[in-house]
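Note sheet for the following structure.
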Amino acid sequence: MKAGILRFKKAGIILFWLLVWQAASMAVHNSIILVGPPEVLYALIRQAGLADFWKTIGFSFGKISLGFLMAFAAGILAGGAACRFPLIDDFLSPVMSLIKSVPVASFVILALIWAGSENLSVIIAFLVVFPIIYIQTMAGIQSADLQLLEMAEVFQMPGLKKLFYLYRPALLPYLASGCRVALGMSWKSGIAAEVIGVPLHSIGEKLYLAKIYLSTADLFAWTLVIILLSMMFETFFLWLLSLASPGFRHKKREGRSKWNS
């Protein structure tokens, strides 16, 4: 019952802002400056009917997702190694500070010169996500219960069991929190890189062309596509991450018992 009310409330809020958007577009006489939801929906349907539309989505989605997944794996490995060997953290700390402080546009231009435009979004997504996952991994591992770790040492628990039963529950909440930020940042930075580098068959290229031809409807339509892709990927990846949560199987059993009763 509560879930239904919450969905109805969210739908009402979305409808409210769509009406505000439509009213603002009607108040602006120049359609080039601002278009309403019907025009954007028409532009999206028109674009979806083209074969190049799905090729473009596949290109950008694959590149940005690859950059995120590479940074996710590298961040966990580097963060775990830095916790095990503090000297690694001493060497990586200046690099992390540099990556976090340098503007994304500077990285985009450097990567464009060094690697070209085809893999630009992979590199930029990696550089943006890696420090976030690295820092969250270190924080999660360091938050492990010291008393449980001492008990594991007393009973000579194997390293793999300590990793699975002690470090995993401490690490996952930090990873989930970091991924909620990193997923959105990877898409924002990846698309921004594509707009600057303009690789062929990319969403960034379509946004650039929409700007060149002053097609506001196409610009909004592609922006909506980016939002939907980002939300879908975030929901799916966080769901996969929740499967590794210690309480997932317990919650699943509780749900089955309630359903059977």
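Each chain of the structure tokens is named A, B, ... in the order shown, its residues numbered from 1; ligands are numbered from 1 in display order.
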Each residue of range 143-250 of chain A lying at most 12 Å from range 80-90 of chain A should get a row with its shortest atom-to-atom pair and the distance in Å to one decimal, counting only C-alpha atoms; could you produce that, ordered by chain and increasing number, as JSON lines?
{"residue": "A:Ser143", "atom": "CA", "partner": "A:Cys83", "partner_atom": "CA", "distance": 11.3}
{"residue": "A:Ala144", "atom": "CA", "partner": "A:Cys83", "partner_atom": "CA", "distance": 11.7}
{"residue": "A:Leu163", "atom": "CA", "partner": "A:Gly80", "partner_atom": "CA", "distance": 10.4}
{"residue": "A:Tyr167", "atom": "CA", "partner": "A:Gly80", "partner_atom": "CA", "distance": 10.2}
{"residue": "A:Arg168", "atom": "CA", "partner": "A:Gly80", "partner_atom": "CA", "distance": 11.5}
{"residue": "A:Leu171", "atom": "CA", "partner": "A:Gly80", "partner_atom": "CA", "distance": 10.2}
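The closest residue to Leu219 in chain A, picked from A:Leu15, A:Ile57, A:Ala125, A:Leu41 and counting only C-alpha atoms, is A:Leu41.
Proximity ranking of A:Ala193, A:Val128, A:Leu166, A:Leu207 relative to Val108 in chain A places A:Ala193 first, based on only C-alpha atoms.
Here the DSSP assignment of alpha helix (DSSP H), based on backbone atoms, applies within range 133-166 of chain A to Ile133, Tyr134, Ile135, Gln136, Thr137, Met138, Ala139, Gly140, Ile141, Gln142, Leu146, Gln147, Leu148, Leu149, Glu150, Met151, Ala152, Glu153, Val154, Gly159, Leu160, Lys161 and Lys162 of chain A.
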